[in-house]
$ cat work_24.txt   # compact mmCIF, C-alpha atoms
# COMPACT_ATOMS: atom_id res chain seq x y z
CA MET A 4 -25.91 -53.44 -11.94
CA ASN A 5 -23.49 -56.17 -12.86
CA PHE A 6 -22.65 -55.27 -16.42
CA GLN A 7 -21.25 -58.69 -17.30
CA THR A 8 -24.36 -60.66 -16.45
CA GLU A 9 -26.91 -58.04 -17.58
CA PHE A 10 -25.27 -57.36 -20.87
CA GLN A 11 -26.07 -60.29 -23.13
CA PRO A 12 -28.26 -58.67 -25.78
CA ILE A 13 -27.33 -61.07 -28.56
CA SER A 14 -29.51 -63.77 -26.98
CA VAL A 15 -32.37 -61.40 -26.21
CA GLN A 16 -35.23 -61.51 -28.70
CA PRO A 17 -37.33 -58.38 -29.34
CA GLN A 18 -40.42 -59.92 -27.67
CA GLU A 19 -38.46 -60.60 -24.47
CA ILE A 20 -37.01 -57.08 -24.49
CA GLU A 21 -40.52 -55.65 -24.84
CA LYS A 22 -41.93 -57.79 -22.04
CA LYS A 23 -39.12 -56.83 -19.67
CA SER A 24 -39.44 -53.15 -20.63
CA PHE A 25 -43.18 -53.12 -19.93
CA GLU A 26 -42.61 -54.61 -16.48
CA MET A 27 -39.97 -51.97 -15.71
CA ILE A 28 -42.32 -49.20 -16.88
CA ALA A 29 -45.24 -50.35 -14.69
CA GLU A 30 -42.92 -50.58 -11.69
CA GLU A 31 -41.17 -47.23 -12.19
CA LEU A 32 -44.33 -45.29 -13.06
CA GLY A 33 -45.93 -46.16 -9.73
CA PRO A 34 -49.40 -44.86 -8.79
CA HIS A 35 -51.40 -43.27 -11.61
CA SER A 36 -55.01 -42.51 -12.51
CA PHE A 37 -55.27 -44.25 -15.88
CA THR A 38 -57.97 -46.88 -16.28
CA GLU A 39 -57.21 -50.53 -16.96
CA GLU A 40 -57.97 -50.09 -20.68
CA GLN A 41 -55.93 -46.87 -20.94
CA PHE A 42 -52.83 -48.13 -19.15
CA PRO A 43 -51.41 -50.40 -21.90
CA ILE A 44 -51.48 -47.39 -24.24
CA VAL A 45 -49.60 -45.20 -21.76
CA GLN A 46 -47.13 -48.05 -21.20
CA ARG A 47 -46.40 -48.27 -24.93
CA VAL A 48 -45.96 -44.48 -25.17
CA ILE A 49 -43.35 -44.62 -22.40
CA HIS A 50 -41.74 -47.64 -24.07
CA SER A 51 -41.27 -45.67 -27.29
CA SER A 52 -39.93 -42.53 -25.59
CA ALA A 53 -38.38 -43.61 -22.28
CA ASP A 54 -40.14 -40.49 -21.02
CA PHE A 55 -42.38 -40.91 -17.96
CA GLU A 56 -43.31 -37.22 -17.98
CA LEU A 57 -44.64 -37.63 -21.51
CA GLY A 58 -46.51 -40.78 -20.49
CA ARG A 59 -48.16 -39.01 -17.58
CA SER A 60 -49.19 -36.13 -19.88
CA ILE A 61 -51.50 -38.34 -21.97
CA VAL A 62 -55.19 -37.42 -21.80
CA PHE A 63 -58.04 -39.68 -22.92
CA HIS A 64 -61.57 -38.70 -23.86
CA PRO A 65 -63.76 -41.14 -21.87
CA GLN A 66 -64.88 -42.98 -25.05
CA ALA A 67 -61.47 -42.87 -26.77
CA VAL A 68 -60.18 -46.39 -26.23
CA GLN A 69 -63.44 -48.16 -27.11
CA ALA A 70 -63.95 -45.85 -30.13
CA GLY A 71 -60.44 -46.59 -31.37
CA ILE A 72 -60.87 -50.33 -30.95
CA ALA A 73 -64.27 -50.20 -32.71
CA ALA A 74 -62.84 -48.21 -35.64
CA ILE A 75 -59.95 -50.64 -36.09
CA ARG A 76 -62.26 -53.65 -35.86
CA ALA A 77 -64.58 -52.04 -38.43
CA GLY A 78 -61.65 -51.78 -40.84
CA ARG A 79 -61.63 -47.97 -40.86
CA THR A 80 -58.64 -46.24 -42.46
CA ILE A 81 -55.81 -44.99 -40.26
CA VAL A 82 -54.78 -41.55 -41.54
CA ALA A 83 -51.15 -40.68 -40.75
CA ASP A 84 -50.14 -37.02 -40.94
CA VAL A 85 -46.62 -37.82 -42.20
CA GLN A 86 -44.68 -40.74 -43.72
CA MET A 87 -42.82 -41.49 -40.47
CA VAL A 88 -46.11 -42.25 -38.71
CA GLN A 89 -47.25 -44.46 -41.58
CA ALA A 90 -43.89 -46.28 -41.59
CA GLY A 91 -44.04 -47.00 -37.88
CA ILE A 92 -47.56 -48.38 -37.59
CA SER A 93 -47.67 -52.18 -37.51
CA LYS A 94 -49.72 -53.14 -40.58
CA PRO A 95 -50.68 -56.85 -40.20
CA ARG A 96 -53.19 -56.32 -37.37
CA ILE A 97 -54.79 -53.31 -39.09
CA GLU A 98 -55.04 -55.24 -42.34
CA SER A 99 -56.46 -58.34 -40.63
CA PHE A 100 -59.58 -56.23 -39.92
CA GLY A 101 -59.67 -54.93 -43.50
CA GLY A 102 -58.16 -51.54 -42.68
CA GLU A 103 -55.17 -49.74 -44.13
CA VAL A 104 -52.79 -46.93 -43.17
CA LYS A 105 -52.79 -43.96 -45.52
CA VAL A 106 -50.84 -40.71 -45.75
CA TYR A 107 -51.91 -37.90 -48.08
CA ILE A 108 -49.31 -35.20 -47.48
CA SER A 109 -47.17 -36.04 -50.53
CA ASP A 110 -50.04 -36.70 -52.94
CA PRO A 111 -49.56 -34.61 -56.11
CA ASP A 112 -53.06 -33.11 -55.87
CA VAL A 113 -52.42 -32.10 -52.23
CA MET A 114 -49.11 -30.45 -53.13
CA GLU A 115 -50.71 -28.54 -56.04
CA GLU A 116 -53.69 -27.39 -54.00
CA ALA A 117 -51.46 -26.20 -51.12
CA LYS A 118 -49.42 -24.14 -53.58
CA ARG A 119 -52.56 -22.73 -55.22
CA LEU A 120 -54.07 -21.72 -51.85
CA ASN A 121 -50.73 -20.60 -50.38
CA THR A 122 -51.31 -22.82 -47.33
CA THR A 123 -49.61 -25.88 -45.86
CA ARG A 124 -49.70 -29.39 -47.33
CA ALA A 125 -50.70 -30.59 -43.85
CA ILE A 126 -53.93 -28.58 -43.97
CA VAL A 127 -54.86 -29.64 -47.50
CA SER A 128 -54.08 -33.30 -46.73
CA VAL A 129 -56.54 -33.23 -43.81
CA ARG A 130 -59.26 -31.82 -46.09
CA LYS A 131 -58.65 -34.69 -48.50
CA ALA A 132 -58.49 -37.28 -45.73
CA VAL A 133 -61.84 -36.42 -44.13
CA LYS A 134 -63.48 -37.08 -47.53
CA ASP A 135 -61.42 -40.14 -48.42
CA ALA A 136 -61.49 -41.82 -44.99
CA PRO A 137 -64.82 -41.08 -43.25
CA GLY A 138 -64.92 -42.47 -39.72
CA GLY A 139 -61.20 -43.08 -39.84
CA ILE A 140 -58.62 -42.72 -37.10
CA PHE A 141 -56.45 -39.61 -37.51
CA ALA A 142 -52.92 -40.07 -36.16
CA ILE A 143 -51.24 -36.66 -35.98
CA GLY A 144 -47.71 -36.67 -34.56
CA ASN A 145 -46.12 -33.72 -36.30
CA ALA A 146 -48.25 -31.00 -37.78
CA PRO A 147 -50.20 -28.73 -35.40
CA THR A 148 -51.75 -27.11 -38.50
CA ALA A 149 -53.20 -30.50 -39.50
CA LEU A 150 -54.71 -30.96 -36.06
CA LEU A 151 -56.16 -27.44 -36.01
CA GLU A 152 -57.71 -27.94 -39.44
CA LEU A 153 -59.24 -31.23 -38.31
CA ILE A 154 -60.68 -29.53 -35.21
CA ARG A 155 -62.19 -26.81 -37.45
CA LEU A 156 -63.77 -29.41 -39.75
CA VAL A 157 -65.21 -31.31 -36.76
CA LYS A 158 -66.69 -28.11 -35.33
CA GLU A 159 -68.26 -27.26 -38.69
CA GLY A 160 -69.76 -30.73 -38.96
CA GLU A 161 -67.63 -31.61 -41.99
CA ALA A 162 -65.67 -34.39 -40.29
CA GLN A 163 -66.69 -37.23 -37.95
CA PRO A 164 -63.46 -39.11 -37.21
CA GLY A 165 -63.66 -42.43 -35.37
CA LEU A 166 -60.82 -41.25 -33.14
CA ILE A 167 -58.37 -38.34 -33.15
CA VAL A 168 -54.88 -39.15 -31.90
CA GLY A 169 -53.44 -35.65 -31.56
CA VAL A 170 -49.88 -35.62 -30.27
CA PRO A 171 -47.93 -33.12 -32.40
CA VAL A 172 -44.54 -32.06 -31.01
CA GLY A 173 -43.07 -28.60 -31.15
CA PHE A 174 -42.60 -25.05 -29.98
CA VAL A 175 -45.13 -23.23 -32.15
CA SER A 176 -48.85 -24.13 -31.84
CA ALA A 177 -48.33 -27.78 -30.76
CA ALA A 178 -49.44 -27.39 -27.13
CA GLU A 179 -52.15 -24.91 -28.15
CA SER A 180 -53.57 -27.23 -30.82
CA LYS A 181 -53.80 -30.07 -28.29
CA ALA A 182 -55.51 -27.81 -25.75
CA GLU A 183 -58.10 -26.99 -28.44
CA LEU A 184 -58.62 -30.70 -29.16
CA MET A 185 -59.26 -31.40 -25.47
CA LYS A 186 -62.21 -28.98 -25.55
CA LEU A 187 -64.07 -31.15 -28.07
CA ASP A 188 -66.52 -33.84 -27.04
CA VAL A 189 -65.32 -36.35 -29.63
CA PRO A 190 -63.13 -39.41 -29.03
CA PHE A 191 -59.52 -38.21 -28.73
CA ILE A 192 -56.21 -39.21 -27.24
CA ALA A 193 -53.82 -36.28 -26.78
CA ASN A 194 -51.22 -34.96 -24.36
CA HIS A 195 -50.48 -31.77 -22.49
CA GLY A 196 -47.50 -29.67 -23.50
CA ARG A 197 -44.96 -29.41 -26.28
CA LYS A 198 -43.79 -33.00 -26.34
CA GLY A 199 -45.18 -35.67 -28.65
CA GLY A 200 -44.09 -36.81 -32.11
CA SER A 201 -44.29 -39.63 -34.62
CA PRO A 202 -43.31 -42.47 -32.26
CA ILE A 203 -45.99 -41.33 -29.80
CA ALA A 204 -48.72 -41.40 -32.46
CA VAL A 205 -47.40 -44.76 -33.66
CA SER A 206 -47.28 -46.33 -30.21
CA ILE A 207 -50.87 -45.24 -29.46
CA ILE A 208 -52.16 -46.77 -32.72
CA ASN A 209 -50.14 -49.96 -32.22
CA ALA A 210 -51.40 -50.32 -28.64
CA LEU A 211 -55.00 -49.89 -29.84
CA SER A 212 -54.58 -52.48 -32.58
CA ILE A 213 -53.21 -54.99 -30.05
CA LEU A 214 -56.28 -54.34 -27.86
CA ALA A 215 -58.55 -54.74 -30.91
CA ASP A 216 -56.82 -58.01 -31.71
CA LYS A 217 -57.32 -59.30 -28.14
CA GLN A 218 -61.03 -58.40 -28.20
CA ALA A 219 -61.45 -60.28 -31.47
CA ARG A 220 -60.14 -63.55 -30.01
CA MET B 12 -49.06 -15.27 -23.46
CA ASN B 13 -51.97 -13.66 -25.28
CA PHE B 14 -53.64 -16.64 -26.90
CA GLN B 15 -55.63 -14.59 -29.41
CA THR B 16 -52.65 -12.88 -30.99
CA GLU B 17 -50.28 -15.87 -30.76
CA PHE B 18 -52.74 -18.29 -32.20
CA GLN B 19 -52.86 -17.74 -35.95
CA PRO B 20 -51.32 -20.93 -37.26
CA ILE B 21 -53.24 -21.09 -40.55
CA SER B 22 -51.12 -18.28 -41.97
CA VAL B 23 -47.84 -19.68 -40.63
CA GLN B 24 -45.73 -21.57 -43.18
CA PRO B 25 -43.51 -24.49 -42.06
CA GLN B 26 -40.28 -22.54 -42.71
CA GLU B 27 -41.45 -19.68 -40.46
CA ILE B 28 -42.49 -22.11 -37.73
CA GLU B 29 -39.05 -23.73 -37.86
CA LYS B 30 -37.21 -20.40 -37.73
CA LYS B 31 -39.25 -19.21 -34.76
CA SER B 32 -38.79 -22.58 -33.00
CA PHE B 33 -35.01 -22.50 -33.41
CA GLU B 34 -34.86 -19.01 -31.90
CA MET B 35 -36.96 -20.14 -28.93
CA ILE B 36 -34.71 -23.18 -28.44
CA ALA B 37 -31.48 -21.15 -28.42
CA GLU B 38 -32.98 -18.72 -25.94
CA GLU B 39 -34.45 -21.32 -23.56
CA LEU B 40 -31.44 -23.64 -23.63
CA GLY B 41 -29.16 -20.91 -22.30
CA PRO B 42 -25.47 -21.57 -21.63
CA HIS B 43 -24.06 -24.84 -23.00
CA SER B 44 -20.73 -26.35 -23.99
CA PHE B 45 -21.47 -27.39 -27.55
CA THR B 46 -19.23 -26.01 -30.30
CA GLU B 47 -20.50 -23.75 -33.06
CA GLU B 48 -20.63 -26.66 -35.52
CA GLN B 49 -22.35 -28.98 -33.01
CA PHE B 50 -25.03 -26.54 -31.87
CA PRO B 51 -27.31 -26.62 -34.96
CA ILE B 52 -27.50 -30.40 -34.55
CA VAL B 53 -28.50 -30.12 -30.88
CA GLN B 54 -31.00 -27.43 -31.81
CA ARG B 55 -32.65 -29.72 -34.37
CA VAL B 56 -32.76 -32.60 -31.86
CA ILE B 57 -34.61 -30.35 -29.40
CA HIS B 58 -36.88 -29.12 -32.20
CA SER B 59 -37.92 -32.71 -32.97
CA SER B 60 -38.48 -33.72 -29.34
CA ALA B 61 -39.27 -30.52 -27.40
CA ASP B 62 -36.95 -32.11 -24.85
CA PHE B 63 -34.09 -29.96 -23.57
CA GLU B 64 -32.81 -32.74 -21.31
CA LEU B 65 -32.45 -34.96 -24.36
CA GLY B 66 -30.71 -32.17 -26.25
CA ARG B 67 -28.23 -31.65 -23.43
CA SER B 68 -27.51 -35.41 -23.33
CA ILE B 69 -26.04 -35.44 -26.84
CA VAL B 70 -22.33 -36.38 -27.01
CA PHE B 71 -20.08 -35.76 -30.02
CA HIS B 72 -16.81 -37.47 -30.88
CA PRO B 73 -14.45 -34.56 -31.71
CA GLN B 74 -14.34 -35.49 -35.40
CA ALA B 75 -18.04 -36.39 -35.69
CA VAL B 76 -19.50 -33.34 -37.39
CA GLN B 77 -16.75 -32.98 -40.00
CA ALA B 78 -16.77 -36.75 -40.65
CA GLY B 79 -20.53 -36.71 -41.13
CA ILE B 80 -20.41 -33.75 -43.50
CA ALA B 81 -17.55 -35.37 -45.45
CA ALA B 82 -19.43 -38.68 -45.78
CA ILE B 83 -22.57 -36.92 -47.03
CA ARG B 84 -20.59 -34.81 -49.50
CA ALA B 85 -18.83 -37.96 -50.74
CA GLY B 86 -22.22 -39.51 -51.49
CA ARG B 87 -21.87 -42.29 -48.93
CA THR B 88 -24.96 -44.33 -48.13
CA ILE B 89 -27.03 -43.45 -45.06
CA VAL B 90 -28.00 -46.72 -43.36
CA ALA B 91 -31.22 -46.46 -41.32
CA ASP B 92 -31.89 -49.15 -38.72
CA VAL B 93 -35.67 -49.08 -39.27
CA GLN B 94 -38.19 -47.81 -41.82
CA MET B 95 -39.27 -44.88 -39.62
CA VAL B 96 -35.74 -43.45 -39.73
CA GLN B 97 -35.57 -43.90 -43.49
CA ALA B 98 -38.98 -42.26 -43.91
CA GLY B 99 -37.99 -39.22 -41.86
CA ILE B 100 -34.67 -38.36 -43.48
CA SER B 101 -34.92 -35.55 -46.03
CA LYS B 102 -33.80 -37.15 -49.31
CA PRO B 103 -33.16 -34.29 -51.79
CA ARG B 104 -29.99 -32.99 -50.10
CA ILE B 105 -28.56 -36.50 -49.64
CA GLU B 106 -29.33 -37.34 -53.26
CA SER B 107 -27.83 -34.06 -54.52
CA PHE B 108 -24.44 -35.42 -53.39
CA GLY B 109 -25.08 -38.83 -54.99
CA GLY B 110 -26.02 -40.58 -51.75
CA GLU B 111 -29.09 -42.58 -50.81
CA VAL B 112 -30.87 -43.72 -47.64
CA LYS B 113 -31.14 -47.49 -47.25
CA VAL B 114 -32.75 -49.81 -44.74
CA TYR B 115 -32.02 -53.54 -44.69
CA ILE B 116 -34.13 -54.84 -41.81
CA SER B 117 -37.02 -56.10 -43.95
CA ASP B 118 -34.90 -57.54 -46.77
CA PRO B 119 -35.95 -61.16 -47.43
CA ASP B 120 -32.36 -62.44 -47.09
CA VAL B 121 -31.98 -60.64 -43.74
CA MET B 122 -35.22 -62.13 -42.45
CA GLU B 123 -34.23 -65.64 -43.54
CA GLU B 124 -30.72 -65.39 -42.07
CA ALA B 125 -32.04 -64.08 -38.74
CA LYS B 126 -34.41 -67.04 -38.52
CA ARG B 127 -31.66 -69.51 -39.44
CA LEU B 128 -29.27 -68.09 -36.81
CA ASN B 129 -32.02 -67.55 -34.22
CA THR B 130 -30.94 -63.95 -33.77
CA THR B 131 -32.51 -60.54 -34.42
CA ARG B 132 -33.12 -59.02 -37.84
CA ALA B 133 -31.43 -55.87 -36.50
CA ILE B 134 -28.13 -57.74 -36.01
CA VAL B 135 -28.22 -59.45 -39.40
CA SER B 136 -29.14 -56.20 -41.16
CA VAL B 137 -26.03 -54.51 -39.71
CA ARG B 138 -23.84 -57.34 -41.00
CA LYS B 139 -25.32 -56.83 -44.46
CA ALA B 140 -25.04 -53.04 -44.26
CA VAL B 141 -21.32 -52.92 -43.42
CA LYS B 142 -20.64 -54.90 -46.59
CA ASP B 143 -23.15 -53.09 -48.79
CA ALA B 144 -22.40 -49.54 -47.58
CA PRO B 145 -18.69 -49.23 -46.68
CA GLY B 146 -17.85 -45.83 -45.20
CA GLY B 147 -21.55 -45.10 -44.79
CA ILE B 148 -23.32 -43.25 -42.02
CA PHE B 149 -25.20 -45.56 -39.66
CA ALA B 150 -28.32 -43.97 -38.17
CA ILE B 151 -29.56 -46.15 -35.32
CA GLY B 152 -32.62 -44.83 -33.49
CA ASN B 153 -34.28 -48.01 -32.29
CA ALA B 154 -32.32 -51.21 -31.99
CA PRO B 155 -29.63 -51.43 -29.29
CA THR B 156 -28.74 -54.86 -30.70
CA ALA B 157 -27.93 -53.23 -34.06
CA LEU B 158 -25.66 -50.70 -32.37
CA LEU B 159 -23.91 -53.38 -30.30
CA GLU B 160 -23.31 -55.50 -33.39
CA LEU B 161 -21.88 -52.49 -35.23
CA ILE B 162 -19.56 -51.76 -32.27
CA ARG B 163 -18.39 -55.39 -32.35
CA LEU B 164 -17.69 -55.23 -36.10
CA VAL B 165 -15.75 -51.96 -35.68
CA LYS B 166 -13.65 -53.46 -32.88
CA GLU B 167 -12.87 -56.52 -35.01
CA GLY B 168 -11.85 -54.33 -37.94
CA GLU B 169 -14.73 -55.54 -40.10
CA ALA B 170 -16.48 -52.17 -40.32
CA GLN B 171 -15.20 -48.60 -40.87
CA PRO B 172 -18.33 -46.42 -40.85
CA GLY B 173 -17.99 -42.78 -41.87
CA LEU B 174 -20.07 -41.85 -38.83
CA ILE B 175 -22.15 -43.71 -36.27
CA VAL B 176 -25.29 -41.94 -35.09
CA GLY B 177 -26.25 -44.11 -32.11
CA VAL B 178 -29.37 -42.89 -30.33
CA PRO B 179 -31.52 -45.97 -29.63
CA VAL B 180 -34.34 -45.48 -27.12
CA GLY B 181 -35.45 -47.93 -24.49
CA PHE B 182 -35.26 -49.68 -21.17
CA VAL B 183 -33.18 -52.72 -22.06
CA SER B 184 -29.62 -52.23 -23.38
CA ALA B 185 -30.20 -48.80 -24.97
CA ALA B 186 -28.20 -46.72 -22.47
CA GLU B 187 -25.59 -49.48 -22.17
CA SER B 188 -25.10 -49.75 -25.94
CA LYS B 189 -24.54 -45.98 -26.18
CA ALA B 190 -22.04 -46.07 -23.30
CA GLU B 191 -20.12 -48.75 -25.23
CA LEU B 192 -20.18 -46.60 -28.38
CA MET B 193 -18.71 -43.64 -26.47
CA LYS B 194 -15.65 -45.74 -25.59
CA LEU B 195 -14.70 -46.05 -29.27
CA ASP B 196 -12.34 -43.64 -30.99
CA VAL B 197 -14.38 -43.45 -34.18
CA PRO B 198 -16.66 -40.61 -35.31
CA PHE B 199 -19.94 -40.93 -33.40
CA ILE B 200 -22.88 -38.86 -32.24
CA ALA B 201 -24.76 -40.44 -29.33
CA ASN B 202 -26.54 -39.50 -26.13
CA HIS B 203 -26.47 -40.47 -22.48
CA GLY B 204 -29.40 -42.40 -21.03
CA ARG B 205 -32.51 -44.23 -22.14
CA LYS B 206 -34.01 -41.54 -24.34
CA GLY B 207 -33.51 -41.29 -28.08
CA GLY B 208 -35.49 -42.72 -30.99
CA SER B 209 -36.22 -42.39 -34.68
CA PRO B 210 -36.87 -38.62 -34.74
CA ILE B 211 -33.58 -38.04 -32.92
CA ALA B 212 -31.60 -40.06 -35.47
CA VAL B 213 -33.51 -38.32 -38.27
CA SER B 214 -32.92 -34.82 -36.92
CA ILE B 215 -29.16 -35.45 -36.55
CA ILE B 216 -28.87 -36.67 -40.16
CA ASN B 217 -31.02 -33.82 -41.48
CA ALA B 218 -28.95 -31.25 -39.56
CA LEU B 219 -25.73 -32.74 -40.99
CA SER B 220 -27.08 -32.67 -44.53
CA ILE B 221 -28.03 -29.00 -44.14
CA LEU B 222 -24.46 -28.29 -42.95
CA ALA B 223 -23.06 -30.28 -45.89
CA ASP B 224 -25.24 -28.28 -48.24
CA LYS B 225 -24.04 -24.97 -46.77
CA GLN B 226 -20.35 -26.01 -47.12
CA ALA B 227 -20.98 -26.91 -50.76
CA ARG B 228 -22.25 -23.44 -51.66
$ encode --input "work_24.txt" --output "structure tokens"
Amino acid sequence: MNFQTEFQPISVQPQEIEKKSFEMIAEELGPHSFTEEQFPIVQRVIHSSADFELGRSIVFHPQAVQAGIAAIRAGRTIVADVQMVQAGISKPRIESFGGEVKVYISDPDVMEEAKRLNTTRAIVSVRKAVKDAPGGIFAIGNAPTALLELIRLVKEGEAQPGLIVGVPVGFVSAAESKAELMKLDVPFIANHGRKGGSPIAVSIINALSILADKQAR
Amino acid sequence: MNFQTEFQPISVQPQEIEKKSFEMIAEELGPHSFTEEQFPIVQRVIHSSADFELGRSIVFHPQAVQAGIAAIRAGRTIVADVQMVQAGISKPRIESFGGEVKVYISDPDVMEEAKRLNTTRAIVSVRKAVKDAPGGIFAIGNAPTALLELIRLVKEGEAQPGLIVGVPVGFVSAAESKAELMKLDVPFIANHGRKGGSPIAVSIINALSILADKQAR
């Protein structure tokens, strides 16, 4: 690479950088088994992580993409497990459909209840969210305990999320919680292994909202 | 692994999960050349990404850790390049030393100036930050253009950051901007290659603030 000619970032606008990045990702990824509607989501995951292994580890329930688009277009709430996920999600498209992005983990009643029950705020926030945001999209990038609680509530018929984006990162329970999610026959997007995180949850939601926006035109 | 005995996350508190994760990371990483003061930072990076390759790619300027601790203890501002980085940084420890975490990229004056100059908000926000937060710690997890502008201002003597945490992720200019940073003789923490991102910047700042807190006791 000729550093002198390549290296003129001052004139490069974010949209151009993104376009060029997406082209590089499609080229470098090579053959894959994602469908045409799944691929832009995988592309955005790789864009946010520069990690092809992580991109290839994404697993879609067959109805996931259409369910996610439908939920966004219906103005359903996006539930973020932590503030970082809420901060990263692009709001204008979500709001144009009447939806909003909410996070419950620092709500005073959640913090009090977690203390009272001697459990995690993540678990209590999921219990609040399934009541407050029925049919919503759950975007879980950090807390395996939140994902496991959501799976329990789905199994017990107490939660019917529009879509579960389950991509927690970590060494304890993250991979296991995602493996549990993949056993459910509900719309989910998840990934195999320990990797994941806030930017992965964010990029999946942002990719879905772009698809929802395109369908609405 | 016996799934039945391992898999009891409901009773596991976040602090226990973190402790267990850090032990697993130290064990799996094996031999490395990080110093005793650098290692907890690398450990936290791996904890946030589950990516050992990314952890091994971290590069420290020899004075970086002490400079970062000193800046936090002096109550210097932490400048986040984007909202996600601001959202992820643990505030109580920073605030206990009189510091705060600021992000300028969505300030109305930054947005107007970027439009007027036909440049990126990331670049303009760095120009504002070096004036508003002299001696601050710059935590750049997303925008290579922000890091390149900061490098330019340092070279021209217009900026003297306490520490530069430069870990932008991406396919266009990210690796190149970090390679440029590593040529400077100023305190920096960066990494080789395309990987990086908001959680990486966040975990480095949080690890430093824990070290600052320990020194203060």
$ closest_atom_pairs --input "work_24.txt" --of "region 44-118 of chain A" --to "region 27-33 of chain A" --cutoff "10 Å" --atoms "only C-alpha atoms" --output "tab-separated table"
residue	atom	partner	partner_atom	distance
A:Val45	CA	A:Ile28	CA	9.6
A:Gln46	CA	A:Ile28	CA	6.6
A:Arg47	CA	A:Ile28	CA	9.1
A:Ile49	CA	A:Ile28	CA	7.2
A:His50	CA	A:Ile28	CA	7.4
A:Ala53	CA	A:Ile28	CA	8.7
A:Asp54	CA	A:Ile28	CA	9.9
A:Phe55	CA	A:Leu32	CA	6.9
A:Glu56	CA	A:Leu32	CA	9.5
A:Gly58	CA	A:Leu32	CA	9.0
A:Arg59	CA	A:Leu32	CA	8.6
$ closest_atom_pairs --input "work_24.txt" --of "chain A" --to "chain B" --cutoff "6 Å" --atoms "only C-alpha atoms" --output "JSON lines"
{"residue": "A:Ser24", "atom": "CA", "partner": "B:Phe182", "partner_atom": "CA", "distance": 5.5}
{"residue": "A:Ala53", "atom": "CA", "partner": "B:Lys206", "partner_atom": "CA", "distance": 5.3}
{"residue": "A:Gln86", "atom": "CA", "partner": "B:Ala98", "partner_atom": "CA", "distance": 5.9}
{"residue": "A:Met87", "atom": "CA", "partner": "B:Met95", "partner_atom": "CA", "distance": 5.0}
{"residue": "A:Ala90", "atom": "CA", "partner": "B:Met95", "partner_atom": "CA", "distance": 5.2}
{"residue": "A:Gly91", "atom": "CA", "partner": "B:Met95", "partner_atom": "CA", "distance": 5.5}
{"residue": "A:Gly173", "atom": "CA", "partner": "B:Ala61", "partner_atom": "CA", "distance": 5.7}
{"residue": "A:Phe174", "atom": "CA", "partner": "B:Ser32", "partner_atom": "CA", "distance": 5.5}
{"residue": "A:Arg197", "atom": "CA", "partner": "B:Ala61", "partner_atom": "CA", "distance": 5.9}
{"residue": "A:Lys198", "atom": "CA", "partner": "B:Ala61", "partner_atom": "CA", "distance": 5.3}
$ atom_distance --input "work_24.txt" --atom1 "CA of Leu219 (chain B)" --atom2 "CA of Ala186 (chain B)"
23.3 Å
$ atom_distance --input "work_24.txt" --atom1 "CA of Val137 (chain B)" --atom2 "CA of Gly152 (chain B)"
13.3 Å
$ atom_distance --input "work_24.txt" --atom1 "CA of Phe199 (chain B)" --atom2 "CA of Val112 (chain B)"
18.2 Å
$ residues_around --input "work_24.txt" --residues "Ala193 (chain A)" --least-positions-apart "4" --cutoff "8 Å" --atoms "only C-alpha atoms" --output "count of residues only"
9
$ residues_around --input "work_24.txt" --residues "Tyr115 (chain B)" --least-positions-apart "4" --cutoff "10 Å" --atoms "only C-alpha atoms" --output "ChimeraX atom specification"
/B:90-94,119-122,132-133,135-140,143
$ write_last_selection --input "work_24.txt" --atoms "C-alpha atoms" --output "PDB file, in the coordinates of the input"
ATOM      1  CA  VAL B  90     -28.000 -46.720 -43.360  1.00  0.00           C
ATOM      2  CA  ALA B  91     -31.220 -46.460 -41.320  1.00  0.00           C
ATOM      3  CA  ASP B  92     -31.890 -49.150 -38.720  1.00  0.00           C
ATOM      4  CA  VAL B  93     -35.670 -49.080 -39.270  1.00  0.00           C
ATOM      5  CA  GLN B  94     -38.190 -47.810 -41.820  1.00  0.00           C
ATOM      6  CA  PRO B 119     -35.950 -61.160 -47.430  1.00  0.00           C
ATOM      7  CA  ASP B 120     -32.360 -62.440 -47.090  1.00  0.00           C
ATOM      8  CA  VAL B 121     -31.980 -60.640 -43.740  1.00  0.00           C
ATOM      9  CA  MET B 122     -35.220 -62.130 -42.450  1.00  0.00           C
ATOM     10  CA  ARG B 132     -33.120 -59.020 -37.840  1.00  0.00           C
ATOM     11  CA  ALA B 133     -31.430 -55.870 -36.500  1.00  0.00           C
ATOM     12  CA  VAL B 135     -28.220 -59.450 -39.400  1.00  0.00           C
ATOM     13  CA  SER B 136     -29.140 -56.200 -41.160  1.00  0.00           C
ATOM     14  CA  VAL B 137     -26.030 -54.510 -39.710  1.00  0.00           C
ATOM     15  CA  ARG B 138     -23.840 -57.340 -41.000  1.00  0.00           C
ATOM     16  CA  LYS B 139     -25.320 -56.830 -44.460  1.00  0.00           C
ATOM     17  CA  ALA B 140     -25.040 -53.040 -44.260  1.00  0.00           C
ATOM     18  CA  ASP B 143     -23.150 -53.090 -48.790  1.00  0.00           C
TER      19      ASP B 143
END
$ closest_residue --input "work_24.txt" --among "A:Lys94, A:Arg76, A:Lys22, A:Lys118" --to "Ala219 (chain A)" --atoms "all atoms listed in the file"
A:Arg76
$ residues_around --input "work_24.txt" --residues "region 41-44 of chain A" --least-positions-apart "4" --cutoff "6 Å" --atoms "all atoms listed in the file" --output "PyMOL selection string"
chain A and resi 37+207+210
$ write_last_selection --input "work_24.txt" --atoms "C-alpha atoms" --output "PDB file, in the coordinates of the input"
ATOM      1  CA  PHE A  37     -55.270 -44.250 -15.880  1.00  0.00           C
ATOM      2  CA  ILE A 207     -50.870 -45.240 -29.460  1.00  0.00           C
ATOM      3  CA  ALA A 210     -51.400 -50.320 -28.640  1.00  0.00           C
TER       4      ALA A 210
END
